[in-house]
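For reference, the structure discussed in these notes is given below.
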Amino acid sequence: MTANPNLSLDEQTKHCARCGACKAQCPSYGFEPHEAMTARGRLALIRLMTGGHLPDSRKLRYHINTCLHCGQCDASCPMRLDIQEILFHGKKGLPVGFLFRKLSRLALSPTRADLLFGVARVTHGLMYRPLEYVRKYRHIPVPARRPFRNRHKLFRDTDARGRVALFVGCSINYLYPEIAEDLLDILLMLGYEVVVRQGEVCCGAPFRELGLHEVAEDLAKRNIDLFAKMHVDAIISACPTCTLTLKVQYPKLVQVPSDFIERISDVNEFLARILDAPLLDTGPVAYHDPCHLINALSVRREPRDLIRATGATLLENPAEPRCCGFGGTFGFLHYEMSRKIGSECMDHVLRPDIRRLITACPGCKMQFEDILRGRQDVQVLHIVQYLRQAMDRAALREDSVLIENEGSGGPAD
Ligand code: SF4
Ligand code: SF4
């Protein structure tokens, strides 16, 4: 028997069978083996809280807010409870700090978000770097001087095989614009017309994590207004959290046209269907499954197919994948716990002979770069960066064959 999806979230909490299956892979429980750090325990707390039997307290907030929203519990729950929605629902009942409330308003306008990251860029070296250096704060890339979305608009190809839009997402737009540049190059090389929308706002995921439900709703409406009427075959995202939010969570927040949902595509799924360009790589690589991609969007095969298509050897730990410990806002607010979970994940995924670690999420990349700080022997790549490099290598190889052929008639200068 599974819980009825029409049941309210409050009613769903009563359908927990208390089986404990959600404990096995829960990263917060792994860090602190305490019932209140599991999905089962959190559901019980939320049930008591929403029923008026448990007042707000620091301890209660700690237990609810230390969930990473990795979705491991949803994937293992035999009652198919919508645990993430229940957790978001519970967070709505907790107070949110004044500063978060104020800053959240900036996300509603792309211009103000640009300004916020511009200030972060200026203060990064002066204030953040020293604290980052002594490992008080996590490593964050310096925000880009010019965010990706402000660099581009439309790449027209009169003979295009299709037309796609990019949902860039904040971490790629401001912190890793090079991932979006590589994705743009790949799509153009494959013959697509690519649209970059200037009015895109944050997908809303960090605000749901913080319990700022109304901000997330507002952001959802703005993005749907911007993207739903576009004449594109797909809206592609290289951030699994953005993809999950747009595809799975928006319909739980606001009215969403069905053709909007259908066109949201994770970059791995999209590229695995169409990538026929020559790719070239050799040597062993490791791949880390981002939680939102594997647990919530069930994208497991596609990144592996893409990596193997390059000719590289994918070395995997046969045990179940682990959460990297980043968890969006969690990784900043609970840094010590985040690092510990991340270090265990790193040991799980990375064998000593592997020099390249591939993942498909900017958040996981940031987390691994933080854990590997000071080590020059391992490179962390988003899968889009990896594929772009493999395409370059294949092009180089083709060029060198050409030169060899050209030179075969006589000595080369
Ligand atoms: S989402 Fe992850 S961290 Fe949160 S309760 Fe479920 S398994 Fe634990
Ligand atoms: S796996 Fe699901 S049903 Fe079992 S204890 Fe956890 S939340 Fe309850």
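Following the order of the structure tokens, first chain is A, next is B, and so on, with residues numbered from 1 inside each chain and ligands from 1 in the order they appear.
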Next item on the list: Enumerate residues in contact with ligand 2: an atom-to-atom distance of at most 10 Å, counting only C-alpha atoms and all ligand atoms. Format the result as a VMD selection string.
Entry: chain A and resid 2 to 3 12 to 24 38 to 44 72 to 83
Notebook entry, point to check: Which polymer residues have any atom within 10 Å of an atom of segment 333-338 of chain A, counting only C-alpha atoms, with same-chain residues fewer than 3 positions away left out, as a PyMOL selection string?
Noted result: chain A and resi 27-28+31-32+62+65-66+68+135-138+323-330+341-343+367+371
Take the residues from that selection and put them in a file with C-alpha atoms, as an mmCIF file, in the first residue's frame.
data_model
loop_
_atom_site.group_PDB
_atom_site.id
_atom_site.type_symbol
_atom_site.label_atom_id
_atom_site.label_comp_id
_atom_site.auth_asym_id
_atom_site.auth_seq_id
_atom_site.Cartn_x
_atom_site.Cartn_y
_atom_site.Cartn_z
ATOM 1 C CA PRO A 27 23.676 11.916 5.202
ATOM 2 C CA SER A 28 22.526 13.985 8.190
ATOM 3 C CA PHE A 31 26.797 12.662 10.669
ATOM 4 C CA GLU A 32 24.686 12.618 13.828
ATOM 5 C CA TYR A 62 18.296 22.668 13.994
ATOM 6 C CA ASN A 65 17.081 22.769 8.901
ATOM 7 C CA THR A 66 19.924 20.243 8.866
ATOM 8 C CA LEU A 68 20.118 18.514 2.925
ATOM 9 C CA ARG A 135 38.706 27.150 6.523
ATOM 10 C CA LYS A 136 36.109 29.041 8.472
ATOM 11 C CA TYR A 137 34.096 29.398 5.266
ATOM 12 C CA ARG A 138 33.841 27.220 2.206
ATOM 13 C CA CYS A 323 25.463 12.727 -1.188
ATOM 14 C CA CYS A 324 28.360 15.201 -1.614
ATOM 15 C CA GLY A 325 27.124 17.203 1.383
ATOM 16 C CA PHE A 326 26.692 20.520 -0.417
ATOM 17 C CA GLY A 327 22.895 20.772 -0.141
ATOM 18 C CA GLY A 328 22.536 24.377 -1.403
ATOM 19 C CA THR A 329 22.068 26.793 1.503
ATOM 20 C CA PHE A 330 22.849 23.902 3.895
ATOM 21 C CA ILE A 341 29.754 14.415 4.598
ATOM 22 C CA GLY A 342 31.686 15.674 1.557
ATOM 23 C CA SER A 343 34.981 14.104 2.653
ATOM 24 C CA GLN A 367 31.824 21.125 -2.848
ATOM 25 C CA ILE A 371 37.305 19.480 -0.146
#
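Of the listed residues (A:Leu7, A:Ile274, A:Val195, A:Cys239), A:Cys239 comes nearest to Thr359 of chain A; the distances count only C-alpha atoms.
Nearest residue to Glu200 of chain A among A:Ala160, A:Ala107, A:Val285, A:Val267 is A:Ala107, counting only C-alpha atoms.
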Note to self: Env of segment 172-186 of chain A: 9 Å cut, atoms = only C-alpha atoms, seq-sep filter 4 positions within chain, self excluded. Answer as a ChimeraX atom specification.
What the structure shows: /A:114,117,140-150,155,166,168,190-192,194,238-239,267,362,382-385,387-389,391
Notebook entry, point to check: Could you pull the residues within 7 Å of segment 220-234 of chain A, counting only C-alpha atoms, minus those fewer than 5 positions along the same chain, as a PyMOL selection string?
Noted result: chain A and resi 162-165+200-201+203-204+250+260+263-265
Next item on the list: Give the strand (DSSP E) residues of segment 134-331 of chain A, as DSSP finds them on the backbone, and put them as a list in words.
Entry: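 Answer for segment 134-331 of chain A restricted to strand (DSSP E) is Leu154, Phe155, Gly162, Arg163, Val164, Ala165, Leu166, Phe167, Tyr192, Glu193, Val194, Val195, Val196, Ala234, Ile235, Ile236, Ser237, Ile264, Ser265, Asp266, Pro284, Val285, Ala286, Tyr287, His288, Thr313 and Leu314 of chain A.
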Next item on the list: Rounded to one decimal place, report the atom CA of Ala113 of chain A-atom CA of Phe98 of chain A distance in Å.
Entry: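 Computing the Euclidean distance for atom CA of Ala113 of chain A and atom CA of Phe98 of chain A yields 18.2 Å.
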Notebook entry, point to check: Taking into account only C-alpha atoms, which residue in the set A:Ala394, A:Leu9, A:Leu87, A:Leu99 is nearest to Leu45 of chain A?
Noted result: A:Leu87
Item checked: Nearest candidate to ligand 1 (options A:Leu297, A:Cys291, A:Leu280, A:Leu48; using only C-alpha atoms and all ligand atoms) ->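 Looking only at the distances to ligand 1, the closest residue turns out to be A:Cys291.
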Next item on the list: as a PyMOL selection string, list the residues of segment 45-178 of chain A assigned to helix (DSSP H, G or I) by DSSP on the backbone atoms of this structure.
Entry: chain A and resi 45-50+58-65+72-76+83-92+98-108+110-133+148-150+170-175+177-178
Check: So which one's closest to ligand 1, A:Leu188, A:Leu396, A:Ile86, A:Leu253? Using only C-alpha atoms and all ligand atoms, please.
Finding: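 Nearest to ligand 1: A:Ile86.
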Item checked: Counting only C-alpha atoms, the option among A:Asn295, A:Tyr287, A:Lys102, A:Thr313 closest to Phe368 of chain A ->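 Checking each of A:Asn295, A:Tyr287, A:Lys102, A:Thr313 against Phe368 of chain A, counting only C-alpha atoms, the winner is A:Tyr287.
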